[in-house]
Each structure stands twice: as structure tokens, then as C-alpha cells.
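Trainee: Structure file data.csv (CSV, C-alpha atoms) right here:
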```csv
chain,number,residue,atom,x,y,z
A,11,MET,CA,0.0,0.0,0.0
A,12,SER,CA,1.3,3.4,-0.9
A,13,ARG,CA,-0.2,6.9,-0.4
A,14,SER,CA,1.1,10.3,-1.4
A,15,ILE,CA,0.8,13.6,0.5
A,16,GLY,CA,2.3,16.4,-1.6
A,17,LEU,CA,5.9,15.5,-2.1
A,18,THR,CA,5.8,12.9,0.6
A,19,LYS,CA,4.9,9.2,0.4
A,20,ILE,CA,3.7,6.6,2.9
A,21,VAL,CA,4.4,2.8,2.5
A,22,ARG,CA,3.1,-0.1,4.6
A,23,GLN,CA,5.8,-2.5,5.7
A,24,ASP,CA,5.5,-6.3,6.0
A,25,ASP,CA,5.4,-6.0,9.8
A,26,GLY,CA,2.2,-3.9,9.5
A,27,SER,CA,3.8,-0.5,10.3
A,28,VAL,CA,3.7,2.4,7.9
A,29,ILE,CA,6.7,4.6,7.2
A,30,GLY,CA,6.9,7.9,5.4
A,31,PHE,CA,9.4,9.2,2.9
A,32,TRP,CA,10.4,12.9,2.5
A,33,ALA,CA,13.5,14.1,0.6
A,34,HIS,CA,16.3,11.7,1.6
A,35,TYR,CA,14.7,10.7,4.9
A,36,GLU,CA,12.7,7.7,6.1
A,37,LEU,CA,10.2,8.8,8.8
A,38,ARG,CA,8.9,6.4,11.4
A,39,SER,CA,6.3,6.7,14.3
A,40,ALA,CA,7.3,6.3,17.9
A,41,PHE,CA,4.8,6.4,20.7
A,42,GLN,CA,5.3,7.4,24.4
A,43,PRO,CA,2.7,6.4,26.9
A,44,ILE,CA,0.9,8.8,29.2
A,45,PHE,CA,-0.3,7.6,32.6
A,46,SER,CA,-2.9,8.8,35.0
A,47,PHE,CA,-3.1,8.4,38.8
A,48,THR,CA,-6.1,6.2,39.4
A,49,LYS,CA,-6.9,5.2,43.0
A,50,GLY,CA,-3.2,5.4,43.9
A,51,LYS,CA,-2.1,3.4,41.0
A,52,LEU,CA,-0.6,4.3,37.6
A,53,GLU,CA,-2.9,3.5,34.6
A,54,MET,CA,-1.9,3.9,30.9
A,55,VAL,CA,-4.5,6.2,29.4
A,56,ALA,CA,-2.9,7.7,26.2
A,57,PHE,CA,0.0,7.8,23.8
A,58,GLU,CA,1.8,10.7,22.2
A,59,GLY,CA,2.9,10.2,18.6
A,60,LEU,CA,6.5,11.3,18.0
A,61,LEU,CA,8.4,11.4,14.7
A,62,ARG,CA,11.7,9.6,14.3
A,63,PRO,CA,13.7,10.5,11.1
A,64,PHE,CA,16.3,8.1,9.6
A,65,ARG,CA,18.8,8.7,6.8
A,66,GLY,CA,20.9,5.9,5.4
A,67,GLY,CA,19.7,3.7,8.2
A,68,GLU,CA,21.0,6.0,10.9
A,69,GLU,CA,18.5,7.8,13.2
A,70,ILE,CA,18.7,11.6,13.1
A,71,SER,CA,17.8,13.7,16.1
A,72,PRO,CA,14.5,15.6,15.6
A,73,ALA,CA,16.3,18.7,16.9
A,74,VAL,CA,18.5,18.4,13.8
A,75,PHE,CA,15.9,17.3,11.4
A,76,PHE,CA,13.1,19.8,11.9
A,77,PRO,CA,15.1,23.0,11.6
A,78,GLY,CA,16.4,21.7,8.3
A,79,ILE,CA,13.0,21.5,6.6
A,80,PRO,CA,12.4,24.3,4.1
A,81,GLU,CA,9.6,26.7,4.9
A,82,ASP,CA,7.5,25.6,2.0
A,83,GLU,CA,7.7,21.9,3.0
A,84,ARG,CA,7.0,22.2,6.7
A,85,LEU,CA,3.2,21.8,6.4
A,86,ASN,CA,3.7,18.7,4.2
A,87,VAL,CA,6.0,17.1,6.7
A,88,GLU,CA,3.7,17.9,9.6
A,89,THR,CA,0.7,16.4,7.8
A,90,LEU,CA,2.7,13.3,7.0
A,91,SER,CA,3.7,13.0,10.6
A,92,ARG,CA,0.1,13.0,11.9
A,93,THR,CA,-1.0,10.6,9.1
A,94,LEU,CA,1.8,8.2,10.1
A,95,HIS,CA,0.9,8.3,13.8
A,96,LEU,CA,-2.8,7.8,13.2
A,97,MET,CA,-2.3,4.9,10.8
A,98,ASN,CA,0.2,3.2,13.1
A,99,ALA,CA,-2.0,3.9,16.1
A,100,ALA,CA,-4.9,2.0,14.5
A,101,THR,CA,-2.6,-1.0,14.1
A,102,PHE,CA,-0.5,-1.1,17.2
A,103,LEU,CA,-2.2,0.8,20.1
A,104,PRO,CA,-5.1,-0.3,22.3
A,105,ASP,CA,-8.3,0.9,20.7
A,106,ASP,CA,-9.6,2.3,24.0
A,107,LEU,CA,-6.7,4.8,24.7
A,108,ALA,CA,-6.3,8.3,23.5
A,109,VAL,CA,-3.7,9.4,20.9
A,110,TYR,CA,-2.0,12.8,21.1
A,111,VAL,CA,-0.9,14.3,17.7
A,112,ASN,CA,1.0,17.6,17.4
A,113,PHE,CA,0.2,20.8,15.6
A,114,ASP,CA,2.7,23.6,15.0
A,115,PRO,CA,0.7,26.8,15.4
A,116,SER,CA,3.3,28.8,13.3
A,117,LEU,CA,2.0,27.0,10.2
A,118,PHE,CA,-1.6,28.2,10.5
A,119,LYS,CA,-1.4,31.4,8.6
A,120,ASP,CA,-5.0,31.5,7.3
A,121,LEU,CA,-8.3,29.7,7.5
A,122,ASP,CA,-7.7,27.8,4.3
A,123,ILE,CA,-4.7,26.0,5.8
A,124,CYS,CA,-6.7,25.3,8.9
A,125,ASP,CA,-9.5,23.8,7.0
A,126,ALA,CA,-7.2,21.7,4.9
A,127,ALA,CA,-5.4,20.3,8.0
A,128,LEU,CA,-8.8,19.3,9.5
A,129,ASP,CA,-10.0,17.7,6.3
A,130,ASP,CA,-6.8,15.7,5.9
A,131,MET,CA,-7.1,14.4,9.5
A,132,LEU,CA,-10.8,13.5,9.1
A,133,VAL,CA,-10.0,11.5,5.9
A,134,VAL,CA,-7.3,9.5,7.8
A,135,LEU,CA,-9.6,8.8,10.7
A,136,LYS,CA,-12.3,7.5,8.4
A,137,GLU,CA,-9.8,5.2,6.7
A,138,THR,CA,-8.3,3.9,10.0
A,139,GLY,CA,-11.6,3.7,11.9
A,140,ILE,CA,-10.2,5.8,14.8
A,141,GLY,CA,-13.0,7.9,16.5
A,142,VAL,CA,-12.5,11.6,16.9
A,143,GLU,CA,-13.1,11.1,20.7
A,144,ARG,CA,-9.7,9.3,20.9
A,145,VAL,CA,-7.7,12.1,19.3
A,146,VAL,CA,-6.1,14.9,21.4
A,147,CYS,CA,-4.8,17.7,19.2
A,148,GLU,CA,-1.7,19.1,20.9
A,149,VAL,CA,-0.7,22.7,20.1
A,150,THR,CA,3.0,23.0,20.5
A,151,GLU,CA,5.0,25.9,21.9
A,152,GLN,CA,5.8,27.8,18.7
A,153,LYS,CA,4.3,31.2,18.3
A,154,SER,CA,1.2,31.3,16.1
A,155,ALA,CA,1.5,33.0,12.7
A,156,SER,CA,-2.1,34.0,13.0
A,157,PRO,CA,-3.8,33.8,16.5
A,158,GLU,CA,-7.2,34.4,14.9
A,159,ALA,CA,-6.7,31.6,12.4
A,160,LEU,CA,-5.5,29.2,15.2
A,161,SER,CA,-8.4,30.1,17.5
A,162,GLY,CA,-10.8,29.4,14.7
A,163,PHE,CA,-9.1,26.1,13.9
A,164,VAL,CA,-9.2,25.0,17.6
A,165,LYS,CA,-12.9,26.0,17.7
A,166,SER,CA,-13.5,23.8,14.6
A,167,LEU,CA,-11.6,20.9,16.2
A,168,LYS,CA,-13.8,21.1,19.3
A,169,GLU,CA,-17.0,21.3,17.2
A,170,HIS,CA,-15.9,18.1,15.4
A,171,GLY,CA,-15.4,16.3,18.8
A,172,PHE,CA,-11.6,16.5,19.1
A,173,ARG,CA,-10.0,17.4,22.4
A,174,VAL,CA,-7.2,20.1,22.5
A,175,ALA,CA,-4.1,20.2,24.6
A,176,VAL,CA,-1.6,23.1,25.1
A,177,ASP,CA,2.0,22.0,25.3
A,178,ASP,CA,4.9,23.3,27.4
A,179,TYR,CA,3.0,25.5,29.8
A,180,GLY,CA,5.3,27.5,32.0
A,181,ALA,CA,3.1,30.2,33.6
A,182,GLU,CA,4.6,33.0,31.5
A,183,GLU,CA,2.2,35.7,30.3
A,184,SER,CA,2.3,34.2,26.8
A,185,ASP,CA,1.3,30.8,28.2
A,186,LEU,CA,-1.6,32.3,30.2
A,187,GLN,CA,-2.7,34.0,27.0
A,188,ARG,CA,-2.7,30.7,25.1
A,189,ILE,CA,-4.9,29.2,27.8
A,190,ARG,CA,-7.3,32.1,27.6
A,191,SER,CA,-7.5,32.1,23.8
A,192,LEU,CA,-7.7,28.4,23.2
A,193,SER,CA,-9.6,27.1,26.3
A,194,PRO,CA,-8.0,23.7,26.1
A,195,ASP,CA,-9.1,20.4,27.6
A,196,VAL,CA,-5.6,19.5,28.7
A,197,VAL,CA,-2.5,21.5,29.7
A,198,LYS,CA,0.9,19.9,29.5
A,199,PHE,CA,3.4,21.5,31.9
A,200,ASP,CA,6.9,22.3,30.7
A,201,SER,CA,9.3,19.7,32.2
A,202,HIS,CA,12.1,22.2,33.1
A,203,TRP,CA,9.6,24.5,34.8
A,204,ILE,CA,8.1,21.8,37.0
A,205,THR,CA,11.5,20.3,37.9
A,206,ARG,CA,12.7,23.8,39.1
A,207,LEU,CA,9.5,24.3,41.1
A,208,MET,CA,9.8,20.8,42.7
A,209,GLU,CA,13.2,21.8,44.2
A,210,SER,CA,11.6,23.9,46.9
A,211,GLY,CA,8.6,24.0,49.2
A,212,PRO,CA,7.3,27.4,48.0
A,213,GLY,CA,7.8,26.3,44.3
A,214,PHE,CA,5.9,23.1,44.9
A,215,SER,CA,3.1,25.1,46.5
A,216,LEU,CA,2.9,27.3,43.4
A,217,LEU,CA,2.8,24.2,41.2
A,218,THR,CA,0.0,22.7,43.2
A,219,THR,CA,-2.0,25.9,43.1
A,220,MET,CA,-1.7,26.0,39.3
A,221,VAL,CA,-2.9,22.4,39.0
A,222,GLU,CA,-5.8,23.1,41.3
A,223,ARG,CA,-6.7,26.2,39.3
A,224,PHE,CA,-6.8,24.3,36.0
A,225,GLU,CA,-8.7,21.4,37.5
A,226,ALA,CA,-11.3,23.8,38.8
A,227,GLN,CA,-11.9,24.9,35.2
A,228,GLY,CA,-12.3,21.4,34.0
A,229,ILE,CA,-8.8,21.3,32.5
A,230,ARG,CA,-6.7,18.2,33.0
A,231,THR,CA,-3.0,18.5,33.5
A,232,VAL,CA,0.0,16.5,32.4
A,233,PHE,CA,3.5,16.7,33.9
A,234,GLU,CA,6.0,16.0,31.1
A,235,GLY,CA,9.6,14.9,31.4
A,236,ILE,CA,9.3,12.9,34.5
A,237,GLU,CA,12.7,11.1,34.7
A,238,GLU,CA,13.1,10.2,38.4
A,239,ASN,CA,11.0,8.6,41.1
A,240,TRP,CA,11.0,11.7,43.3
A,241,GLN,CA,9.5,13.7,40.5
A,242,LEU,CA,6.8,11.1,40.1
A,243,GLU,CA,6.0,11.1,43.8
A,244,LEU,CA,5.6,14.9,43.9
A,245,ALA,CA,3.6,14.9,40.7
A,246,GLU,CA,1.0,12.7,42.4
A,247,LYS,CA,1.2,14.8,45.5
A,248,SER,CA,0.5,18.0,43.5
A,249,GLY,CA,-2.8,16.6,42.2
A,250,ALA,CA,-1.6,16.4,38.5
A,251,SER,CA,-4.0,14.3,36.4
A,252,MET,CA,-1.4,12.6,34.3
A,253,VAL,CA,2.4,12.0,33.9
A,254,GLN,CA,4.7,11.3,31.0
A,255,GLY,CA,8.5,10.6,31.0
A,256,PHE,CA,11.4,8.2,30.9
A,257,VAL,CA,10.9,6.9,34.4
A,258,LEU,CA,7.6,5.5,33.2
A,259,ALA,CA,8.3,4.6,29.6
A,260,ARG,CA,10.5,5.8,26.8
A,261,PRO,CA,9.2,6.4,23.3
A,262,ALA,CA,9.2,3.2,21.3
A,263,LEU,CA,9.2,2.7,17.5
A,264,VAL,CA,6.4,0.7,16.0
A,265,PRO,CA,6.0,-2.3,15.8
A,266,HIS,CA,6.1,-2.6,19.6
A,267,GLN,CA,4.0,-4.3,22.2
A,268,PHE,CA,3.0,-1.7,24.8
A,269,ARG,CA,2.3,-3.0,28.3
A,270,ALA,CA,-0.5,-1.5,30.4
A,271,VAL,CA,2.0,-0.7,33.2
A,272,PRO,CA,5.8,-0.4,33.0
A,273,LYS,CA,7.3,-3.5,34.5
A,274,GLY,CA,9.4,-3.0,37.5
A,275,LEU,CA,8.2,0.6,38.2
A,276,GLN,CA,8.1,1.0,42.0
A,277,LYS,CA,6.4,3.8,43.6
A,278,LYS,CA,8.0,5.1,46.8
A,279,LYS,CA,6.7,6.8,49.9
A,280,PRO,CA,5.9,10.4,49.1
A,281,VAL,CA,8.5,13.0,49.9
A,282,ALA,CA,7.6,15.0,53.1
A,283,PRO,CA,6.8,18.7,52.5
A,284,ALA,CA,9.2,21.3,53.8
A,285,THR,CA,7.9,22.8,57.1
A,286,ASP,CA,9.4,24.5,60.1
A,287,ASP,CA,9.2,21.2,61.9
A,288,ASN,CA,11.6,19.5,59.5
A,289,ASP,CA,13.7,22.5,58.3
A,290,PRO,CA,17.1,22.3,60.0
A,291,SER,CA,17.6,26.0,59.5
A,292,LYS,CA,14.8,26.7,62.1
A,293,PRO,CA,15.2,26.2,65.8
A,294,GLY,CA,14.4,22.7,66.8
A,295,GLY,CA,14.2,21.6,63.2
A,296,LYS,CA,15.0,18.0,62.2
A,297,LYS,CA,17.2,16.8,59.5
A,298,THR,CA,15.1,15.0,56.9
A,299,LYS,CA,14.7,14.6,53.2
A,300,ARG,CA,13.0,17.6,51.6
A,301,PHE,CA,11.7,18.5,48.2
A,302,GLY,CA,13.5,17.4,45.1
A,303,ARG,CA,16.9,15.7,45.0
A,304,LYS,CA,18.4,17.5,47.9
A,305,ALA,CA,18.8,15.9,51.3
A,306,VAL,CA,20.2,17.5,54.4
```
Represent the supplied structure as C-alpha cells.

Mentor:
Amino acid sequence: MSRSIGLTKIVRQDDGSVIGFWAHYELRSAFQPIFSFTKGKLEMVAFEGLLRPFRGGEEISPAVFFPGIPEDERLNVETLSRTLHLMNAATFLPDDLAVYVNFDPSLFKDLDICDAALDDMLVVLKETGIGVERVVCEVTEQKSASPEALSGFVKSLKEHGFRVAVDDYGAEESDLQRIRSLSPDVVKFDSHWITRLMESGPGFSLLTTMVERFEAQGIRTVFEGIEENWQLELAEKSGASMVQGFVLARPALVPHQFRAVPKGLQKKKPVAPATDDNDPSKPGGKKTKRFGRKAV
């Protein structure tokens, strides 16, 4: 089976996976699971589709690949990426879990581009049998070329039954503006920002307040980039809805058998919050483990 999108092409392999071709690159889908905290246990609830480029059989870093795409080909490559992920999701992922696919807002310059992107995705979903209720459209951190066009596109996505996520939230004014203008269903917190806040009691309190504020608005939260157990413990303590990161599961290329729960993952006793009673800098304070990786 072969399918063309602009100057790109998709081919199904003998193992059931589909790969894409653009210029001199072979493009493959990888999926990273997202987990929720359910009654004190981790439950796999979704996957994020991630593009993995290869050239001459050697994997190329996405950080190298994407900046090298010419401006007039970026939309084609992004459309190819989503198509690959959805087609592979239909074959390899559990059919009751959500699939996150990325959208670069800098590409949405006018409503015609927005309408074409939506039409392309609806065609792929019809072909694969994936319901719109399973798809979460993730708006990445790039600045929108047209805020008005992007807002109209997001509104159209919601009207068709898709959910919308905002990526890399970090509590800057620009991030708050994105939330106000897009009214997403999910907010994914920036990994560097949450790690920095987890290093101190006051920072963790701010993080918890932000989670509570979003949850009160019906917005679910995802902590990305969770790489250590102490981060996982504090993510649960903060009230975050979901978590994603290497300590749970790394992205895996298809074909791959995804387990419901990462084998060998052990949850530890939550880290005690920093208070005057356990702060050694205060009179009578006790020496104990505090937030983050620091112990005194």
C-alpha cells in the first residue's frame, strides 16, 4: 500500500507498520505512553505520537531534522507525521486509549490552511476507523502565525469532537494568553519548569496551586519529562491528572507491544513537604529529606 501527500509518500511494511518518505529521509512513528493516577495506581491512558527520522539507516535527532525542513515543506511534513501516527495507532495501540498528535501553530497562517489540515485528518480517521473522541490535538510551543486563524481552527476541532491540549505550559504571560484564547481540555506542563519548582517547598506550593486552578476549570494536567521517582511522587502529591516521562516509559518505535503498566516501576513513599518542623535551618528543626533531589 502506498499513499502520497504532496511531495511525501507513505508505504506499509511487512510488519504492519507504515513509514513515510520525504527528501532523503525515512520517517517512522514512535509512541510514548501517558499515565494517570487512578486510586493510587498508575494507569496507561494515552500515547503521544513522535516522529523519528532516519537517513541511510541512521537515526537523526529531531532537533537536527526539523530546523532543516524548508519553509514551503513544513506543512507537508507535519501532515505526513500526523498521518503516520494515526495509521500506526490504528494497528498497534489499544483501541480504547487516546492518541496525542502535534500541531505547529506557526504554520496556521490563514483559515484555508486550517480547513485543509482538519479535512486531511478526518479522511485519515475515516480510513483507519479511529474515532474523533480518541484524538487529542496538541498545540506545541511555537508562536502562532495568526492567532485568529489558530483560535478558529481550535474551535472547529472542538466542534468536530476533538480534544485540544496546550503543550509546554510554564506560567509566563504568553502561556496564560494561550490558555485564555484556546480554552484547552488538557494543559501539559513544561518539564524544566516543573522540575525547578519541585526543588523547593514554595515552588511546589505554586505548582500545586496552578494544578488546582486548572482542575477547577475542568482542564486536565500532564506533567512531562518525569525522569526520576522523586518527581513522580511529587507529581502525584500535587494533584496532577497525568504524567509522562522516561521513568515510566521511553518512546518506542512501531511495531512494539505496549504494556499496560511499565514492568518494575516501583512507587516510593511520598517526599515529606518542607515545614518549620523538618527544616534544619529553624530552631528545633529536624534533618530529613525535603523536596527534590536535595537531602540534608

Trainee: Taking (8.9, 15.3, 37.4) in the coordinates of the supplied file, I want to know which residues reach to within 12 Å of it, counting all atoms listed in the file; could you give the answer as a VMD selection string?

Mentor: chain A and resid 199 to 209 214 217 232 to 248 250 252 to 258 301 to 303

Trainee: Distance CA of Phe172 in chain A-CA of Thr138 in chain A, one decimal place?

Mentor: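 According to the coordinates, CA of Phe172 in chain A and CA of Thr138 in chain A are separated by 15.9 Å.
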
Trainee: Just how far from CA of Thr150 in chain A is CA of Ala226 in chain A, in Å to one decimal?

Mentor: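 Distance reported for this atom pair: 23.2 Å.
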
Trainee: Of the candidates A:Leu103, A:Thr93, A:Tyr179, A:Tyr35, which one gets nearest to Ile79 in chain A if we count only C-alpha atoms?

Mentor: A:Tyr35

Trainee: Hey, which of A:Ile20, A:Leu263, A:Val145, A:Ala155 ends up closest to Asp105 in chain A? Count all atoms listed in the file.

Mentor: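 Nearest candidate to Asp105 in chain A out of A:Ile20, A:Leu263, A:Val145, A:Ala155: A:Val145.
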
Trainee: Ranking A:Val134, A:Gly228, A:Asp129, A:Lys153 by minimum distance to Leu167 in chain A and counting all atoms listed in the file, which one comes first?

Mentor: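 Counting all atoms listed in the file, the residue closest to Leu167 in chain A is A:Asp129.
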
Trainee: Nearest to Pro265 in chain A among A:Phe75, A:Phe41, A:Phe113, A:Phe102, with distances taken over only C-alpha atoms: which residue is it?

Mentor: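 Distance minimum relative to Pro265 in chain A lands on A:Phe102.
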
Trainee: Can you tell me how far CA of Val196 in chain A sits from CA of Val174 in chain A, in Å to one decimal?

Mentor: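 Result for CA of Val196 in chain A versus CA of Val174 in chain A: 6.4 Å, one decimal.
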
Trainee: Which one is closest to Ser156 in chain A: A:Asp185, A:Asp120, A:Glu36, A:Glu222? Count only C-alpha atoms.

Mentor: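 Looking only at the distances to Ser156 in chain A, the closest residue turns out to be A:Asp120.
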
Trainee: May I have the residues within 10 Å of Arg173 in chain A as a PyMOL selection string, using only C-alpha atoms and disregarding those fewer than 2 positions away in the same chain?

Mentor: chain A and resi 108+110+142-148+164+167-171+175+194-196

Trainee: Write the residues of the preceding selection, restricted to C-alpha atoms, as a compact mmCIF listing (two decimals), keeping the file's coordinate frame.

Mentor:
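Writing the result to part_10.txt gives the following:
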```txt
# COMPACT_ATOMS: atom_id res chain seq x y z
CA ALA A 108 -6.30 8.30 23.50
CA TYR A 110 -2.00 12.80 21.10
CA VAL A 142 -12.50 11.60 16.90
CA GLU A 143 -13.10 11.10 20.70
CA ARG A 144 -9.70 9.30 20.90
CA VAL A 145 -7.70 12.10 19.30
CA VAL A 146 -6.10 14.90 21.40
CA CYS A 147 -4.80 17.70 19.20
CA GLU A 148 -1.70 19.10 20.90
CA VAL A 164 -9.20 25.00 17.60
CA LEU A 167 -11.60 20.90 16.20
CA LYS A 168 -13.80 21.10 19.30
CA GLU A 169 -17.00 21.30 17.20
CA HIS A 170 -15.90 18.10 15.40
CA GLY A 171 -15.40 16.30 18.80
CA ALA A 175 -4.10 20.20 24.60
CA PRO A 194 -8.00 23.70 26.10
CA ASP A 195 -9.10 20.40 27.60
CA VAL A 196 -5.60 19.50 28.70
```

Trainee: I need every residue sitting at most 7 Å from the point (-8.1, 5.5, 28.9) (coordinates as in the file, all atoms listed in the file considered), written as a ChimeraX atom specification.

Mentor: /A:54-56,106-108

Trainee: Which neighbours of Thr101 in chain A fall inside 10 Å, counting all atoms listed in the file, when residues of the same chain fewer than 2 positions from it are skipped, and could you give them as a short mmCIF file (atom, residue, chain, number, x, y, z; two decimals) with C-alpha atoms, in the frame of the given file?

Mentor:
```cif
data_model
loop_
_atom_site.label_atom_id
_atom_site.label_comp_id
_atom_site.auth_asym_id
_atom_site.auth_seq_id
_atom_site.Cartn_x
_atom_site.Cartn_y
_atom_site.Cartn_z
CA GLY A 26 2.20 -3.90 9.50
CA SER A 27 3.80 -0.50 10.30
CA VAL A 28 3.70 2.40 7.90
CA HIS A 95 0.90 8.30 13.80
CA LEU A 96 -2.80 7.80 13.20
CA MET A 97 -2.30 4.90 10.80
CA ASN A 98 0.20 3.20 13.10
CA ALA A 99 -2.00 3.90 16.10
CA LEU A 103 -2.20 0.80 20.10
CA PRO A 104 -5.10 -0.30 22.30
CA ASP A 105 -8.30 0.90 20.70
CA THR A 138 -8.30 3.90 10.00
CA VAL A 264 6.40 0.70 16.00
CA PRO A 265 6.00 -2.30 15.80
#
```

Trainee: Taking only all heavy atoms, show range 206-216 of chain A of the given structure as a short mmCIF file (atom, residue, chain, number, x, y, z; two decimals), in the first residue's frame.

Mentor:
```cif
data_model
loop_
_atom_site.label_atom_id
_atom_site.label_comp_id
_atom_site.auth_asym_id
_atom_site.auth_seq_id
_atom_site.Cartn_x
_atom_site.Cartn_y
_atom_site.Cartn_z
N ARG A 206 12.14 22.65 38.27
CA ARG A 206 12.65 23.76 39.07
C ARG A 206 11.74 24.05 40.26
O ARG A 206 12.21 24.27 41.39
CB ARG A 206 12.79 25.00 38.19
CG ARG A 206 13.48 26.16 38.88
CD ARG A 206 13.81 27.28 37.90
NE ARG A 206 12.62 27.93 37.37
CZ ARG A 206 12.20 27.80 36.13
NH1 ARG A 206 12.83 27.01 35.27
NH2 ARG A 206 11.11 28.44 35.71
N LEU A 207 10.43 24.03 40.05
CA LEU A 207 9.50 24.30 41.14
C LEU A 207 9.51 23.19 42.18
O LEU A 207 9.30 23.45 43.38
CB LEU A 207 8.09 24.50 40.60
CG LEU A 207 7.84 25.74 39.74
CD1 LEU A 207 6.39 25.82 39.32
CD2 LEU A 207 8.23 27.01 40.50
N MET A 208 9.76 21.97 41.75
CA MET A 208 9.77 20.85 42.69
C MET A 208 10.97 20.88 43.64
O MET A 208 11.01 20.13 44.61
CB MET A 208 9.78 19.52 41.91
CG MET A 208 8.44 19.13 41.33
SD MET A 208 8.59 17.57 40.40
CE MET A 208 6.86 17.24 40.02
N GLU A 209 11.94 21.73 43.36
CA GLU A 209 13.15 21.78 44.17
C GLU A 209 12.95 22.48 45.51
O GLU A 209 13.82 22.44 46.37
CB GLU A 209 14.28 22.49 43.40
CG GLU A 209 14.79 21.73 42.19
CD GLU A 209 15.67 20.54 42.57
OE1 GLU A 209 15.89 20.32 43.77
OE2 GLU A 209 16.14 19.85 41.65
N SER A 210 11.81 23.16 45.69
CA SER A 210 11.60 23.87 46.95
C SER A 210 10.14 23.78 47.37
O SER A 210 9.24 23.56 46.55
CB SER A 210 11.99 25.35 46.80
OG SER A 210 11.07 26.02 45.96
N GLY A 211 9.92 23.97 48.67
CA GLY A 211 8.56 23.96 49.19
C GLY A 211 7.68 25.03 48.60
O GLY A 211 6.57 24.76 48.14
N PRO A 212 8.14 26.31 48.58
CA PRO A 212 7.31 27.37 47.97
C PRO A 212 7.04 27.13 46.49
O PRO A 212 5.94 27.39 46.00
CB PRO A 212 8.18 28.64 48.18
CG PRO A 212 9.01 28.33 49.37
CD PRO A 212 9.32 26.87 49.26
N GLY A 213 8.04 26.63 45.76
CA GLY A 213 7.84 26.34 44.34
C GLY A 213 6.81 25.26 44.15
O GLY A 213 5.95 25.35 43.26
N PHE A 214 6.87 24.23 44.98
CA PHE A 214 5.91 23.15 44.89
C PHE A 214 4.50 23.63 45.22
O PHE A 214 3.52 23.20 44.61
CB PHE A 214 6.31 22.01 45.82
CG PHE A 214 5.38 20.83 45.77
CD1 PHE A 214 5.39 19.97 44.68
CD2 PHE A 214 4.47 20.59 46.79
CE1 PHE A 214 4.53 18.88 44.62
CE2 PHE A 214 3.60 19.52 46.73
CZ PHE A 214 3.64 18.66 45.65
N SER A 215 4.39 24.54 46.18
CA SER A 215 3.08 25.11 46.52
C SER A 215 2.48 25.86 45.33
O SER A 215 1.27 25.75 45.05
CB SER A 215 3.21 26.05 47.72
OG SER A 215 3.59 25.35 48.88
N LEU A 216 3.33 26.61 44.60
CA LEU A 216 2.86 27.30 43.40
C LEU A 216 2.40 26.31 42.35
O LEU A 216 1.35 26.50 41.72
CB LEU A 216 3.98 28.18 42.84
CG LEU A 216 3.71 28.85 41.49
CD1 LEU A 216 2.51 29.78 41.57
CD2 LEU A 216 4.95 29.61 41.01
#
```
